[in-house]
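Student: Here you go, model18.csv (CSV, C-alpha atoms and all ligand atoms):
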chain,number,residue,atom,x,y,z
A,103,MET,CA,-7.1,-20.5,10.3
A,104,SER,CA,-6.9,-18.0,7.5
A,105,ILE,CA,-7.7,-14.3,8.0
A,106,ASN,CA,-11.2,-13.3,7.1
A,107,PHE,CA,-10.6,-10.1,5.1
A,108,GLY,CA,-14.3,-9.6,4.8
A,109,LYS,CA,-14.4,-8.7,8.5
A,110,ALA,CA,-12.8,-5.3,8.6
A,111,GLU,CA,-13.5,-2.2,10.7
A,112,PHE,CA,-12.1,1.3,10.6
A,113,ILE,CA,-10.2,2.0,13.8
A,114,ARG,CA,-8.5,5.4,13.5
A,115,SER,CA,-6.7,8.0,11.5
A,116,ALA,CA,-3.3,9.1,12.8
A,117,GLY,CA,-1.9,12.4,11.7
A,118,ALA,CA,0.9,12.5,14.2
A,119,ARG,CA,3.3,10.1,15.9
A,120,GLU,CA,1.4,10.0,19.2
A,121,GLN,CA,-1.6,8.5,17.4
A,122,PHE,CA,0.2,5.6,15.8
A,123,LEU,CA,-0.9,2.2,16.9
A,124,TRP,CA,1.7,-0.4,18.0
A,125,ASP,CA,-0.2,-2.9,20.0
A,126,GLY,CA,1.4,-6.1,18.9
A,127,LEU,CA,-1.0,-7.1,16.2
A,128,PRO,CA,0.6,-7.7,12.8
A,129,GLN,CA,0.5,-4.7,10.5
A,130,PHE,CA,0.1,-4.8,6.7
A,131,ALA,CA,1.1,-1.4,5.4
A,132,PHE,CA,-0.1,-0.2,2.0
A,133,ALA,CA,1.7,2.6,0.2
A,134,GLY,CA,1.4,4.1,-3.2
A,135,ARG,CA,1.3,7.4,-5.1
A,136,SER,CA,-1.9,9.3,-5.4
A,137,ASN,CA,-4.3,7.8,-7.9
A,138,VAL,CA,-2.5,4.6,-8.3
A,139,GLY,CA,-5.5,2.8,-7.0
A,140,LYS,CA,-4.4,2.2,-3.4
A,141,SER,CA,-8.0,2.7,-2.0
A,142,SER,CA,-9.4,0.5,-4.8
A,143,VAL,CA,-6.9,-2.3,-4.0
A,144,ILE,CA,-7.7,-2.1,-0.3
A,145,ASN,CA,-11.5,-2.1,-1.0
A,146,ARG,CA,-11.0,-5.1,-3.3
A,147,LEU,CA,-9.1,-7.0,-0.7
A,148,LEU,CA,-11.7,-6.3,2.0
A,149,GLY,CA,-14.5,-7.0,-0.4
A,150,ARG,CA,-16.0,-3.6,0.3
A,151,LYS,CA,-17.0,-0.8,-2.0
A,152,ASN,CA,-15.7,2.2,0.0
A,153,LEU,CA,-14.2,1.4,3.3
A,154,ALA,CA,-11.0,3.0,2.1
A,155,TYR,CA,-12.1,6.2,0.4
A,156,VAL,CA,-11.7,6.1,-3.4
A,157,GLY,CA,-11.2,9.2,-5.3
A,158,SER,CA,-10.7,11.5,-2.3
A,159,SER,CA,-9.1,14.7,-3.5
A,160,PRO,CA,-5.5,13.6,-3.9
A,161,GLY,CA,-3.0,14.9,-1.4
A,162,LYS,CA,-5.7,16.3,1.0
A,163,THR,CA,-5.4,13.6,3.5
A,164,THR,CA,-2.0,13.2,5.1
A,165,GLN,CA,-3.2,10.5,7.6
A,166,VAL,CA,-2.3,7.0,8.4
A,167,ASN,CA,-5.6,5.0,8.4
A,168,TYR,CA,-5.9,1.8,10.5
A,169,PHE,CA,-8.4,-0.9,9.8
A,170,ARG,CA,-8.6,-4.0,12.0
A,171,VAL,CA,-9.2,-7.2,10.0
A,172,ASP,CA,-10.8,-10.2,11.6
A,173,GLY,CA,-9.7,-8.9,15.0
A,174,ARG,CA,-6.3,-10.2,14.2
A,175,VAL,CA,-4.3,-7.9,12.0
A,176,TYR,CA,-4.2,-4.2,11.0
A,177,LEU,CA,-4.4,-3.0,7.5
A,178,VAL,CA,-2.5,0.3,7.5
A,179,ASP,CA,-3.3,2.7,4.7
A,180,LEU,CA,-0.4,5.1,4.4
A,181,PRO,CA,-1.0,8.5,2.9
A,182,GLY,CA,-0.6,8.7,-0.9
A,183,TYR,CA,2.3,10.7,-2.3
A,184,GLY,CA,3.5,12.4,-5.5
A,185,TYR,CA,0.5,14.5,-6.2
A,186,ALA,CA,1.9,17.5,-8.1
A,187,LYS,CA,-0.4,20.1,-6.8
A,188,VAL,CA,0.4,19.6,-3.1
A,189,SER,CA,2.0,22.5,-1.3
A,190,LYS,CA,5.6,22.3,-0.1
A,191,ALA,CA,4.3,22.4,3.5
A,192,GLU,CA,2.0,19.5,2.9
A,193,LYS,CA,4.8,17.5,1.3
A,194,GLU,CA,7.0,18.2,4.3
A,195,ARG,CA,4.2,17.1,6.6
A,196,TRP,CA,4.0,13.8,4.6
A,197,SER,CA,7.8,13.2,4.9
A,198,ARG,CA,7.8,13.8,8.7
A,199,LEU,CA,4.8,11.6,9.3
A,200,MET,CA,6.3,8.8,7.1
A,201,GLU,CA,9.7,9.1,8.8
A,202,SER,CA,8.2,8.7,12.2
A,203,TYR,CA,6.0,5.8,11.1
A,204,PHE,CA,9.0,4.0,9.6
A,205,GLN,CA,11.3,4.8,12.5
A,206,GLU,CA,9.0,2.9,14.9
A,207,ALA,CA,7.7,0.4,12.4
A,208,HIS,CA,7.1,-3.2,13.1
A,209,ILE,CA,5.6,-4.0,9.7
A,210,THR,CA,4.6,-7.6,9.0
A,211,ALA,CA,4.4,-7.0,5.3
A,212,GLY,CA,4.7,-3.9,3.1
A,213,MET,CA,2.6,-3.5,0.0
A,214,LEU,CA,4.0,-1.0,-2.5
A,215,ILE,CA,1.3,-0.3,-5.1
A,216,VAL,CA,2.6,0.8,-8.5
A,217,ASP,CA,0.9,1.4,-11.8
A,218,VAL,CA,1.8,-1.6,-14.0
A,219,ARG,CA,1.8,0.8,-17.0
A,220,HIS,CA,4.5,3.1,-15.7
A,221,LYS,CA,8.1,3.0,-14.6
A,222,PRO,CA,8.1,3.4,-10.8
A,223,THR,CA,8.7,7.0,-9.8
A,224,ALA,CA,11.4,8.5,-7.6
A,225,ASN,CA,8.9,8.6,-4.7
A,226,ASP,CA,8.1,4.9,-5.3
A,227,LEU,CA,11.8,4.2,-5.0
A,228,THR,CA,12.0,6.1,-1.7
A,229,MET,CA,9.0,4.2,-0.3
A,230,HIS,CA,10.6,1.0,-1.5
A,231,SER,CA,13.8,1.7,0.3
A,232,TRP,CA,11.9,2.5,3.5
A,233,PHE,CA,10.2,-0.8,3.4
A,234,ARG,CA,13.5,-2.5,2.7
A,235,GLU,CA,15.2,-0.8,5.7
A,236,THR,CA,12.6,-2.2,8.1
A,237,GLY,CA,13.5,-5.6,6.8
A,238,CYS,CA,9.8,-6.6,6.3
A,239,PRO,CA,8.8,-8.7,3.3
A,240,GLU,CA,7.6,-6.5,0.6
A,241,ILE,CA,4.9,-7.2,-2.0
A,242,VAL,CA,5.0,-5.0,-5.1
A,243,VAL,CA,1.4,-4.8,-6.3
A,244,ALA,CA,1.3,-3.9,-10.0
A,245,ASN,CA,-2.2,-2.5,-10.3
A,246,LYS,CA,-4.4,-1.6,-13.3
A,247,LEU,CA,-3.4,-4.7,-15.1
A,248,ASP,CA,-6.7,-4.6,-17.0
A,249,LYS,CA,-5.4,-1.5,-18.8
A,250,LEU,CA,-2.7,-3.5,-20.6
A,251,LYS,CA,-2.9,-5.7,-23.7
A,252,LYS,CA,-1.6,-9.3,-23.1
A,253,SER,CA,1.6,-8.6,-25.1
A,254,GLN,CA,2.4,-5.5,-23.0
A,255,ILE,CA,2.3,-7.3,-19.6
A,256,ALA,CA,5.7,-9.1,-19.5
A,257,PRO,CA,7.8,-6.0,-20.6
A,258,ALA,CA,5.8,-3.8,-18.2
A,259,LEU,CA,6.6,-6.2,-15.3
A,260,ALA,CA,10.2,-6.4,-16.3
A,261,LEU,CA,10.6,-2.6,-16.2
A,262,ILE,CA,9.2,-2.5,-12.7
A,263,GLN,CA,11.4,-5.4,-11.6
A,264,GLU,CA,14.5,-3.7,-13.0
A,265,THR,CA,13.7,-0.2,-11.7
A,266,LEU,CA,13.0,-1.4,-8.2
A,267,GLU,CA,15.9,-3.8,-8.4
A,268,LEU,CA,13.7,-6.6,-7.0
A,269,ARG,CA,15.4,-9.6,-5.6
A,270,GLU,CA,14.5,-13.3,-5.6
A,271,GLU,CA,12.6,-13.0,-2.3
A,272,ASP,CA,10.6,-9.9,-3.4
A,273,VAL,CA,7.2,-10.5,-4.8
A,274,LEU,CA,5.8,-8.7,-7.9
A,275,LEU,CA,2.1,-9.3,-8.1
A,276,PRO,CA,0.1,-8.3,-11.2
A,277,PHE,CA,-3.2,-7.0,-9.9
A,278,SER,CA,-6.4,-5.4,-11.1
A,279,ALA,CA,-8.5,-3.7,-8.4
A,280,GLU,CA,-11.1,-3.2,-11.1
A,281,LYS,CA,-11.4,-6.9,-12.1
A,282,GLY,CA,-10.2,-8.6,-9.0
A,283,THR,CA,-7.1,-10.2,-10.6
A,284,GLY,CA,-4.5,-11.1,-8.1
A,285,LYS,CA,-6.8,-10.9,-5.0
A,286,GLU,CA,-6.6,-14.5,-4.0
A,287,GLU,CA,-2.8,-14.5,-4.4
A,288,LEU,CA,-2.5,-11.4,-2.2
A,289,ILE,CA,-4.7,-13.0,0.4
A,290,ARG,CA,-2.5,-16.1,0.3
A,291,LEU,CA,0.7,-14.0,0.7
A,292,LEU,CA,-0.7,-12.0,3.6
A,293,ASN,CA,-1.8,-15.1,5.4
A,294,ALA,CA,1.7,-16.5,5.0
A,295,ALA,CA,3.3,-13.3,6.2
A,296,ALA,CA,1.1,-13.2,9.3
A,297,GLU,CA,2.1,-16.8,10.4
A,301,LIG,P1,-5.7,6.2,-4.7
A,301,LIG,O1,-5.6,7.7,-4.8
A,301,LIG,O2,-4.4,5.5,-4.9
A,301,LIG,O3,-6.4,5.7,-3.5
A,301,LIG,O4,-6.6,5.7,-6.0
A,301,LIG,P2,-8.1,5.3,-6.1
A,301,LIG,O5,-8.4,4.0,-5.5
A,301,LIG,O6,-8.9,6.5,-5.7
A,301,LIG,O7,-8.2,5.1,-7.7
A,301,LIG,C1,-7.8,6.1,-8.6
A,301,LIG,C2,-8.6,5.9,-9.9
A,301,LIG,O8,-8.1,4.7,-10.6
A,301,LIG,C3,-10.1,5.7,-9.8
A,301,LIG,O9,-10.7,6.3,-10.8
A,301,LIG,C4,-10.2,4.1,-9.8
A,301,LIG,O10,-11.5,3.7,-10.3
A,301,LIG,C5,-9.1,3.8,-10.8
A,301,LIG,N1,-8.6,2.4,-10.6
A,301,LIG,C6,-8.1,1.9,-9.5
A,301,LIG,N2,-7.7,0.6,-9.7
A,301,LIG,C7,-7.9,0.3,-11.0
A,301,LIG,C8,-7.7,-0.8,-11.8
A,301,LIG,O11,-7.2,-1.9,-11.4
A,301,LIG,N3,-8.1,-0.8,-13.1
A,301,LIG,C9,-8.6,0.4,-13.6
A,301,LIG,N4,-8.9,0.3,-14.9
A,301,LIG,N5,-8.8,1.5,-12.9
A,301,LIG,C10,-8.5,1.5,-11.6
Before we go any further, please render this structure as structure tokens.
Ligand code: GDP

Tutor:
Amino acid sequence: MSINFGKAEFIRSAGAREQFLWDGLPQFAFAGRSNVGKSSVINRLLGRKNLAYVGSSPGKTTQVNYFRVDGRVYLVDLPGYGYAKVSKAEKERWSRLMESYFQEAHITAGMLIVDVRHKPTANDLTMHSWFRETGCPEIVVANKLDKLKKSQIAPALALIQETLELREEDVLLPFSAEKGTGKEELIRLLNAAAE
């Protein structure tokens, strides 16, 4: 039976390794730089307005947030990165937290959220390589599709594909959290990954 993404509950925030949850349920991890629309993508997927907090001051929350969906899987909201005004100490905290998350990770699927209008950043590439190292299937969600004209879409997707050196088995999903474009496909892909 397919996962009911409408049935989601916040479980906990983890700011340190001891607080991570590895209880055997599949984990879908969502990563992206600050302001890329990660919270909006998650809220769109869950059909909620603000379960994941949209527009929280970027970089302030170096926490891994867990939501349990349909009692069957976790949606894991990894802390955003790449916000210029964050202190060096905060960046280091982020790196340490992510390294410990990825060291132990049993990720069922990794979602790398990028902005369809921009070439993926160095930080996006780092996150991408961490997902690859775990061996989990990765879905690159190219968000903010509504901001492009039709004629701009194919070249924008090609640039992302090239920069991230996506392979046959990698999925690049055009998405708009604003409009809902790509939601059904994401749900289909996540259901397939959880099987
Ligand atoms: P986060 O920092 O990655 O969690 O980003 P947010 O979800 O807070 O979104 C950052 C900003 O981008 C907000 O103003 C959102 O309304 C906007 N946004 C997010 N997704 C989309 C989208 O698909 N299209 C458009 N036009 N705006 C979006």

Student: Given only C-alpha atoms, how would the per-residue table for range 209-260 of chain A near range 127-133 of chain A read, listing every residue at most 12 Å away with its closest atom pair and distance in Å to one decimal, sorted by chain and number, as CSV?

Tutor:
residue,atom,partner,partner_atom,distance
A:Ile209,CA,A:Gln129,CA,5.2
A:Thr210,CA,A:Gln129,CA,5.2
A:Ala211,CA,A:Phe130,CA,5.0
A:Gly212,CA,A:Ala131,CA,4.9
A:Met213,CA,A:Phe132,CA,4.7
A:Leu214,CA,A:Ala133,CA,5.1
A:Ile215,CA,A:Ala133,CA,6.1
A:Val216,CA,A:Ala133,CA,8.9
A:Asn225,CA,A:Ala133,CA,10.6
A:Asp226,CA,A:Ala133,CA,8.7
A:Leu227,CA,A:Ala133,CA,11.5
A:Thr228,CA,A:Ala133,CA,11.0
A:Met229,CA,A:Ala133,CA,7.5
A:His230,CA,A:Ala133,CA,9.2
A:Trp232,CA,A:Ala133,CA,10.7
A:Phe233,CA,A:Ala131,CA,9.3
A:Thr236,CA,A:Ala131,CA,11.8
A:Cys238,CA,A:Phe130,CA,9.9
A:Pro239,CA,A:Phe130,CA,10.1
A:Glu240,CA,A:Ala131,CA,9.6
A:Ile241,CA,A:Phe132,CA,9.5
A:Val242,CA,A:Ala133,CA,9.8
A:Val243,CA,A:Phe132,CA,9.6

Student: Within 10 Å of ligand LIG 301 (chain A), counting all atoms listed in the file, which protein or nucleic acid residues do you find, written as an mmCIF file with C-alpha atoms, keeping the file's coordinate frame?

Tutor:
data_model
loop_
_atom_site.group_PDB
_atom_site.id
_atom_site.type_symbol
_atom_site.label_atom_id
_atom_site.label_comp_id
_atom_site.auth_asym_id
_atom_site.auth_seq_id
_atom_site.Cartn_x
_atom_site.Cartn_y
_atom_site.Cartn_z
ATOM 1 C CA PHE A 132 -0.100 -0.200 2.000
ATOM 2 C CA ALA A 133 1.700 2.600 0.200
ATOM 3 C CA GLY A 134 1.400 4.100 -3.200
ATOM 4 C CA ARG A 135 1.300 7.400 -5.100
ATOM 5 C CA SER A 136 -1.900 9.300 -5.400
ATOM 6 C CA ASN A 137 -4.300 7.800 -7.900
ATOM 7 C CA VAL A 138 -2.500 4.600 -8.300
ATOM 8 C CA GLY A 139 -5.500 2.800 -7.000
ATOM 9 C CA LYS A 140 -4.400 2.200 -3.400
ATOM 10 C CA SER A 141 -8.000 2.700 -2.000
ATOM 11 C CA SER A 142 -9.400 0.500 -4.800
ATOM 12 C CA VAL A 143 -6.900 -2.300 -4.000
ATOM 13 C CA ILE A 144 -7.700 -2.100 -0.300
ATOM 14 C CA ASN A 145 -11.500 -2.100 -1.000
ATOM 15 C CA ARG A 146 -11.000 -5.100 -3.300
ATOM 16 C CA ASN A 152 -15.700 2.200 0.000
ATOM 17 C CA ALA A 154 -11.000 3.000 2.100
ATOM 18 C CA TYR A 155 -12.100 6.200 0.400
ATOM 19 C CA VAL A 156 -11.700 6.100 -3.400
ATOM 20 C CA GLY A 157 -11.200 9.200 -5.300
ATOM 21 C CA SER A 158 -10.700 11.500 -2.300
ATOM 22 C CA SER A 159 -9.100 14.700 -3.500
ATOM 23 C CA PRO A 160 -5.500 13.600 -3.900
ATOM 24 C CA GLY A 161 -3.000 14.900 -1.400
ATOM 25 C CA ASP A 179 -3.300 2.700 4.700
ATOM 26 C CA LEU A 180 -0.400 5.100 4.400
ATOM 27 C CA PRO A 181 -1.000 8.500 2.900
ATOM 28 C CA GLY A 182 -0.600 8.700 -0.900
ATOM 29 C CA TYR A 183 2.300 10.700 -2.300
ATOM 30 C CA TYR A 185 0.500 14.500 -6.200
ATOM 31 C CA ILE A 215 1.300 -0.300 -5.100
ATOM 32 C CA VAL A 216 2.600 0.800 -8.500
ATOM 33 C CA ASP A 217 0.900 1.400 -11.800
ATOM 34 C CA VAL A 218 1.800 -1.600 -14.000
ATOM 35 C CA ALA A 244 1.300 -3.900 -10.000
ATOM 36 C CA ASN A 245 -2.200 -2.500 -10.300
ATOM 37 C CA LYS A 246 -4.400 -1.600 -13.300
ATOM 38 C CA LEU A 247 -3.400 -4.700 -15.100
ATOM 39 C CA ASP A 248 -6.700 -4.600 -17.000
ATOM 40 C CA LYS A 249 -5.400 -1.500 -18.800
ATOM 41 C CA LEU A 250 -2.700 -3.500 -20.600
ATOM 42 C CA PRO A 276 0.100 -8.300 -11.200
ATOM 43 C CA PHE A 277 -3.200 -7.000 -9.900
ATOM 44 C CA SER A 278 -6.400 -5.400 -11.100
ATOM 45 C CA ALA A 279 -8.500 -3.700 -8.400
ATOM 46 C CA GLU A 280 -11.100 -3.200 -11.100
ATOM 47 C CA LYS A 281 -11.400 -6.900 -12.100
ATOM 48 C CA GLY A 282 -10.200 -8.600 -9.000
ATOM 49 C CA THR A 283 -7.100 -10.200 -10.600
#

Student: Expressed in Å to a single decimal, how great is the separation between CA of Ser197 in chain A and CA of Thr164 in chain A?

Tutor: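 For CA of Ser197 in chain A relative to CA of Thr164 in chain A, the distance reads 9.8 Å.
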
Student: Please compute the CA of Leu123 in chain A-CA of Glu206 in chain A distance, one decimal, in Å.

Tutor: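 These atoms are spaced 10.1 Å apart.
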
Student: If you take only C-alpha atoms and a cut-off of 10 Å, which residues of range 144-247 of chain A touch range 108-113 of chain A, and what are their nearest atom pairs and distances in Å to one decimal, in chain and number order, as CSV?

Tutor:
residue,atom,partner,partner_atom,distance
A:Asn145,CA,A:Gly108,CA,9.9
A:Arg146,CA,A:Gly108,CA,9.8
A:Leu147,CA,A:Gly108,CA,8.0
A:Leu148,CA,A:Gly108,CA,5.0
A:Gly149,CA,A:Gly108,CA,5.8
A:Arg150,CA,A:Gly108,CA,7.7
A:Leu153,CA,A:Phe112,CA,7.6
A:Ala154,CA,A:Phe112,CA,8.7
A:Asn167,CA,A:Ile113,CA,7.7
A:Tyr168,CA,A:Ile113,CA,5.4
A:Phe169,CA,A:Phe112,CA,4.4
A:Arg170,CA,A:Glu111,CA,5.4
A:Val171,CA,A:Ala110,CA,4.3
A:Asp172,CA,A:Lys109,CA,5.0
A:Gly173,CA,A:Ala110,CA,8.0
A:Arg174,CA,A:Ala110,CA,9.9
A:Val175,CA,A:Ala110,CA,9.5
A:Tyr176,CA,A:Ala110,CA,9.0
A:Leu177,CA,A:Ala110,CA,8.8

Student: Could you check how far CA of Glu297 in chain A sits from CA of Gln205 in chain A, in Å to one decimal?

Tutor: 23.6 Å

Student: Counting only C-alpha atoms, figure out which residue out of A:Lys151, A:Arg234, A:Val166, A:Arg195 gets nearest to Arg114 in chain A.

Tutor: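 Between A:Lys151, A:Arg234, A:Val166, A:Arg195, the residue approaching Arg114 in chain A most closely is A:Val166.
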
Student: Hey, which of A:His208, A:Glu194, A:Lys251, A:Glu286 ends up closest to Asp125 in chain A? Count all atoms listed in the file.

Tutor: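 Closest to Asp125 in chain A of all the choices is A:His208.
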
Student: Which residue out of A:Ile289, A:Ala258, A:Ala207, A:Leu268 has the minimum interatomic distance to Ile105 in chain A when all atoms listed in the file are used?

Tutor: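 Among the listed residues, A:Ile289 lies closest to Ile105 in chain A.
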
Student: For Glu264 in chain A, which residue among A:Lys193, A:Phe122, A:Phe204, A:Lys221 is the nearest when counting all atoms listed in the file?

Tutor: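 Closest candidate: A:Lys221.
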
Student: Counting all atoms listed in the file, which of A:Glu267, A:Glu287, A:Glu120, A:Asp272 gets nearest to Pro222 in chain A?

Tutor: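 Using all atoms listed in the file, Pro222 in chain A sits closest to A:Glu267.
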
Student: Here is a test: counting all atoms listed in the file, which residue of A:Leu259, A:Ala186, A:Glu271, A:His220 is nearest to Gly237 in chain A?

Tutor: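 Counting all atoms listed in the file, the residue closest to Gly237 in chain A is A:Glu271.
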